file protein_19.pdb (PDB, C-alpha atoms)
ATOM      1  CA  MET A   1     -16.585  33.090   4.725  1.00  0.00           C
ATOM      2  CA  GLU A   2     -17.720  29.736   6.149  1.00  0.00           C
ATOM      3  CA  ARG A   3     -17.010  28.010   2.825  1.00  0.00           C
ATOM      4  CA  LYS A   4     -13.495  29.457   2.740  1.00  0.00           C
ATOM      5  CA  ARG A   5     -12.809  28.125   6.255  1.00  0.00           C
ATOM      6  CA  ALA A   6     -14.139  24.694   5.279  1.00  0.00           C
ATOM      7  CA  GLU A   7     -11.909  24.603   2.181  1.00  0.00           C
ATOM      8  CA  GLU A   8      -8.874  25.619   4.228  1.00  0.00           C
ATOM      9  CA  ALA A   9      -9.659  22.959   6.850  1.00  0.00           C
ATOM     10  CA  LEU A  10      -9.951  20.356   4.085  1.00  0.00           C
ATOM     11  CA  ARG A  11      -6.588  21.386   2.569  1.00  0.00           C
ATOM     12  CA  GLU A  12      -4.977  21.235   6.004  1.00  0.00           C
ATOM     13  CA  SER A  13      -6.445  17.800   6.651  1.00  0.00           C
ATOM     14  CA  GLU A  14      -5.239  16.515   3.271  1.00  0.00           C
ATOM     15  CA  SER A  15      -1.783  17.923   3.955  1.00  0.00           C
ATOM     16  CA  LYS A  16      -1.612  16.143   7.324  1.00  0.00           C
ATOM     17  CA  LEU A  17      -2.695  12.842   5.784  1.00  0.00           C
ATOM     18  CA  GLN A  18      -0.102  13.183   3.014  1.00  0.00           C
ATOM     19  CA  ALA A  19       2.612  13.862   5.607  1.00  0.00           C
ATOM     20  CA  ILE A  20       1.611  10.739   7.554  1.00  0.00           C
ATOM     21  CA  PHE A  21       1.525   8.666   4.355  1.00  0.00           C
ATOM     22  CA  ASP A  22       4.985   9.864   3.344  1.00  0.00           C
ATOM     23  CA  THR A  23       6.724   9.487   6.723  1.00  0.00           C
ATOM     24  CA  VAL A  24       5.189   6.474   8.468  1.00  0.00           C
ATOM     25  CA  GLY A  25       7.663   3.611   8.966  1.00  0.00           C
ATOM     26  CA  THR A  26       5.381   1.113   7.263  1.00  0.00           C
ATOM     27  CA  GLY A  27       5.355   0.389   3.541  1.00  0.00           C
ATOM     28  CA  ILE A  28       2.054   1.480   2.017  1.00  0.00           C
ATOM     29  CA  ILE A  29       0.785   0.997  -1.495  1.00  0.00           C
ATOM     30  CA  ILE A  30      -2.588   1.906  -2.962  1.00  0.00           C
ATOM     31  CA  ILE A  31      -3.946  -0.605  -5.476  1.00  0.00           C
ATOM     32  CA  ASP A  32      -6.752  -0.169  -8.004  1.00  0.00           C
ATOM     33  CA  ARG A  33      -9.295  -2.801  -6.962  1.00  0.00           C
ATOM     34  CA  ASP A  34     -10.373  -3.653 -10.526  1.00  0.00           C
ATOM     35  CA  THR A  35      -7.005  -3.877 -12.253  1.00  0.00           C
ATOM     36  CA  GLN A  36      -4.767  -4.686  -9.247  1.00  0.00           C
ATOM     37  CA  ILE A  37      -2.367  -2.010 -10.525  1.00  0.00           C
ATOM     38  CA  ILE A  38      -0.388  -0.044  -7.928  1.00  0.00           C
ATOM     39  CA  VAL A  39      -1.405   3.608  -8.186  1.00  0.00           C
ATOM     40  CA  GLU A  40       0.586   5.049  -5.258  1.00  0.00           C
ATOM     41  CA  ALA A  41       3.449   4.076  -2.962  1.00  0.00           C
ATOM     42  CA  ASN A  42       4.957   5.775   0.045  1.00  0.00           C
ATOM     43  CA  GLN A  43       8.657   6.331   0.726  1.00  0.00           C
ATOM     44  CA  THR A  44       8.942   3.314   3.024  1.00  0.00           C
ATOM     45  CA  ALA A  45       7.516   1.001   0.331  1.00  0.00           C
ATOM     46  CA  ILE A  46      10.056   2.428  -2.098  1.00  0.00           C
ATOM     47  CA  GLU A  47      12.899   1.760   0.331  1.00  0.00           C
ATOM     48  CA  MET A  48      11.639  -1.742   1.188  1.00  0.00           C
ATOM     49  CA  THR A  49      11.497  -2.795  -2.470  1.00  0.00           C
ATOM     50  CA  GLY A  50      14.634  -1.005  -3.610  1.00  0.00           C
ATOM     51  CA  LEU A  51      12.678   0.323  -6.593  1.00  0.00           C
ATOM     52  CA  SER A  52      11.897   3.872  -7.631  1.00  0.00           C
ATOM     53  CA  ARG A  53       8.365   5.243  -7.310  1.00  0.00           C
ATOM     54  CA  GLU A  54       8.159   5.218 -11.121  1.00  0.00           C
ATOM     55  CA  ARG A  55       9.009   1.495 -11.235  1.00  0.00           C
ATOM     56  CA  ILE A  56       6.441   0.618  -8.559  1.00  0.00           C
ATOM     57  CA  ILE A  57       3.484   2.634  -9.828  1.00  0.00           C
ATOM     58  CA  GLY A  58       1.857   0.871 -12.759  1.00  0.00           C
ATOM     59  CA  GLN A  59       2.971  -2.606 -11.644  1.00  0.00           C
ATOM     60  CA  ILE A  60       0.476  -5.352 -10.880  1.00  0.00           C
ATOM     61  CA  CYS A  61       0.589  -5.795  -7.100  1.00  0.00           C
ATOM     62  CA  HIS A  62       1.476  -9.495  -7.422  1.00  0.00           C
ATOM     63  CA  SER A  63       4.680  -8.586  -9.210  1.00  0.00           C
ATOM     64  CA  LEU A  64       5.991  -7.173  -5.903  1.00  0.00           C
ATOM     65  CA  VAL A  65       3.912  -8.430  -2.992  1.00  0.00           C
ATOM     66  CA  CYS A  66       3.009 -12.116  -2.824  1.00  0.00           C
ATOM     67  CA  PRO A  67       4.722 -12.884  -6.135  1.00  0.00           C
ATOM     68  CA  ALA A  68       3.196 -15.814  -8.014  1.00  0.00           C
ATOM     69  CA  GLN A  69       0.025 -15.573  -5.925  1.00  0.00           C
ATOM     70  CA  ALA A  70      -2.183 -14.027  -8.625  1.00  0.00           C
ATOM     71  CA  GLY A  71      -5.729 -15.312  -8.322  1.00  0.00           C
ATOM     72  CA  LYS A  72      -5.243 -16.188  -4.641  1.00  0.00           C
ATOM     73  CA  CYS A  73      -5.647 -12.770  -3.011  1.00  0.00           C
ATOM     74  CA  PRO A  74      -7.636 -13.312   0.202  1.00  0.00           C
ATOM     75  CA  VAL A  75      -9.517 -10.012  -0.220  1.00  0.00           C
ATOM     76  CA  LYS A  76     -10.052  -9.750  -3.987  1.00  0.00           C
ATOM     77  CA  ASP A  77     -10.270 -13.417  -4.966  1.00  0.00           C
ATOM     78  CA  LEU A  78     -11.282 -15.312  -1.817  1.00  0.00           C
ATOM     79  CA  GLY A  79     -13.882 -12.921  -0.378  1.00  0.00           C
ATOM     80  CA  GLN A  80     -12.233 -11.945   2.912  1.00  0.00           C
ATOM     81  CA  ARG A  81     -12.976  -8.421   4.098  1.00  0.00           C
ATOM     82  CA  VAL A  82      -9.448  -7.833   5.422  1.00  0.00           C
ATOM     83  CA  ASP A  83      -6.220  -9.787   5.015  1.00  0.00           C
ATOM     84  CA  HIS A  84      -3.597  -9.700   7.747  1.00  0.00           C
ATOM     85  CA  SER A  85      -0.950 -12.320   7.086  1.00  0.00           C
ATOM     86  CA  GLU A  86       2.689 -13.167   6.530  1.00  0.00           C
ATOM     87  CA  ARG A  87       3.681 -12.899   2.887  1.00  0.00           C
ATOM     88  CA  LYS A  88       6.716 -12.245   0.679  1.00  0.00           C
ATOM     89  CA  LEU A  89       7.945  -8.992  -0.872  1.00  0.00           C
ATOM     90  CA  LEU A  90      10.144  -9.101  -3.957  1.00  0.00           C
ATOM     91  CA  TYR A  91      13.200  -6.868  -3.589  1.00  0.00           C
ATOM     92  CA  ALA A  92      14.780  -5.185  -6.637  1.00  0.00           C
ATOM     93  CA  ASP A  93      17.718  -7.631  -6.695  1.00  0.00           C
ATOM     94  CA  GLY A  94      15.375 -10.638  -6.817  1.00  0.00           C
ATOM     95  CA  HIS A  95      15.500 -11.867  -3.228  1.00  0.00           C
ATOM     96  CA  LEU A  96      12.339 -12.249  -1.180  1.00  0.00           C
ATOM     97  CA  LYS A  97      11.733 -10.521   2.156  1.00  0.00           C
ATOM     98  CA  ASP A  98       9.342 -11.822   4.777  1.00  0.00           C
ATOM     99  CA  ILE A  99       6.666  -9.241   5.515  1.00  0.00           C
ATOM    100  CA  LEU A 100       3.553  -8.929   7.609  1.00  0.00           C
ATOM    101  CA  LYS A 101       0.924  -7.242   5.474  1.00  0.00           C
ATOM    102  CA  THR A 102      -2.580  -5.944   5.883  1.00  0.00           C
ATOM    103  CA  VAL A 103      -4.939  -5.293   2.985  1.00  0.00           C
ATOM    104  CA  TYR A 104      -8.125  -3.309   3.455  1.00  0.00           C
ATOM    105  CA  PRO A 105     -10.636  -2.122   0.833  1.00  0.00           C
ATOM    106  CA  ILE A 106     -11.100   1.663   0.696  1.00  0.00           C
ATOM    107  CA  THR A 107     -12.587   4.247  -1.636  1.00  0.00           C
ATOM    108  CA  ILE A 108     -10.435   7.186  -2.761  1.00  0.00           C
ATOM    109  CA  LYS A 109     -12.085   9.972  -4.756  1.00  0.00           C
ATOM    110  CA  GLY A 110     -14.895   7.618  -5.739  1.00  0.00           C
ATOM    111  CA  LYS A 111     -12.527   4.852  -6.909  1.00  0.00           C
ATOM    112  CA  ASP A 112     -12.486   1.424  -5.251  1.00  0.00           C
ATOM    113  CA  CYS A 113      -8.971   0.628  -4.052  1.00  0.00           C
ATOM    114  CA  TYR A 114      -7.034  -1.495  -1.606  1.00  0.00           C
ATOM    115  CA  LEU A 115      -4.785   0.028   1.010  1.00  0.00           C
ATOM    116  CA  GLU A 116      -1.963  -2.422   1.549  1.00  0.00           C
ATOM    117  CA  SER A 117       0.513  -1.871   4.366  1.00  0.00           C
ATOM    118  CA  PHE A 118       3.478  -4.034   5.233  1.00  0.00           C
ATOM    119  CA  ILE A 119       6.423  -4.313   7.606  1.00  0.00           C
ATOM    120  CA  ASP A 120       9.648  -6.266   7.179  1.00  0.00           C
ATOM    121  CA  ILE A 121       9.772  -9.253   9.554  1.00  0.00           C
ATOM    122  CA  SER A 122      12.832 -10.950   8.006  1.00  0.00           C
ATOM    123  CA  ASP A 123      15.020 -10.449  11.083  1.00  0.00           C
ATOM    124  CA  ARG A 124      12.297 -11.741  13.388  1.00  0.00           C
ATOM    125  CA  LYS A 125      11.802 -14.829  11.215  1.00  0.00           C
ATOM    126  CA  GLN A 126      15.542 -15.566  11.206  1.00  0.00           C
ATOM    127  CA  ALA A 127      15.748 -15.300  14.996  1.00  0.00           C
TER
END
call {"tool": "encode", "arguments": {"input": "protein_19.pdb", "output": "structure tokens"}}
result
Amino acid sequence: MERKRAEEALRESESKLQAIFDTVGTGIIIIDRDTQIIVEANQTAIEMTGLSRERIIGQICHSLVCPAQAGKCPVKDLGQRVDHSERKLLYADGHLKDILKTVYPITIKGKDCYLESFIDISDRKQA
């Protein structure tokens, strides 16, 4: 009986986290730490890039966020624990958006990943 309650609590917790991931007003992508391939993206990231989920997942992160910055990632390449900085996001039509992004290393189901979140600051930069 106790095990069944624990399993139900775990499912409920996972469901809540998925709902937050899907509805938060911040773009979020999950990146495989070894390959730098995007393995998940939330709805806001999809809207901010103008790409479908299928076009985002499987991409190298530098093809969308911080384009042309491969080898210069503050967390992966330069040894910072966390990166919180202004960067660029490549939109589907080719223009660049100014974003404020945060990258943090996490482990998901035993796999080393990066959680990258970003907000559009284009309007703020123009003002």
call {"tool": "atom_distance", "arguments": {"input": "protein_19.pdb", "atom1": "CA of Asp120 (chain A)", "atom2": "CA of Arg87 (chain A)"}}
result
9.9 Å
call {"tool": "closest_residue", "arguments": {"input": "protein_19.pdb", "among": "A:Cys66, A:Met48, A:Cys73, A:Leu78", "to": "Ser122 (chain A)", "atoms": "all atoms listed in the file"}}
result
A:Met48
call {"tool": "closest_residue", "arguments": {"input": "protein_19.pdb", "among": "A:Ser13, A:Thr26, A:Gln18, A:Asn42", "to": "Lys101 (chain A)", "atoms": "only C-alpha atoms"}}
result
A:Thr26
call {"tool": "atom_distance", "arguments": {"input": "protein_19.pdb", "atom1": "CA of Ser85 (chain A)", "atom2": "CA of Val103 (chain A)"}}
result
9.1 Å
call {"tool": "residues_around", "arguments": {"input": "protein_19.pdb", "residues": "Asp112 (chain A)", "least_positions_apart": "3", "cutoff": "8 Å", "atoms": "all atoms listed in the file", "output": "MDAnalysis selection string"}}
result
chainID A and resid 32:34 105:108
call {"tool": "closest_residue", "arguments": {"input": "protein_19.pdb", "among": "A:Ala6, A:Ala92, A:Cys113, A:Val82", "to": "Arg55 (chain A)", "atoms": "all atoms listed in the file"}}
result
A:Ala92
call {"tool": "resolve_selection", "arguments": {"input": "protein_19.pdb", "expression": "the PyMOL selection byres ((chain A and resi 60) around 10)", "output": "PyMOL selection string"}}
result
chain A and resi 31-32+35-39+56-59+61-65+67+70
call {"tool": "atom_distance", "arguments": {"input": "protein_19.pdb", "atom1": "CA of Leu90 (chain A)", "atom2": "CA of Ile20 (chain A)"}}
result
24.5 Å
call {"tool": "closest_residue", "arguments": {"input": "protein_19.pdb", "among": "A:Ala19, A:Leu10, A:Ile121, A:Gly50", "to": "Lys88 (chain A)", "atoms": "all atoms listed in the file"}}
result
A:Ile121
call {"tool": "closest_residue", "arguments": {"input": "protein_19.pdb", "among": "A:Tyr114, A:Lys16, A:Val75, A:Gly27", "to": "Leu89 (chain A)", "atoms": "all atoms listed in the file"}}
result
A:Gly27
call {"tool": "closest_residue", "arguments": {"input": "protein_19.pdb", "among": "A:Thr49, A:Gln43, A:Ile119, A:Arg3", "to": "Asp22 (chain A)", "atoms": "all atoms listed in the file"}}
result
A:Gln43
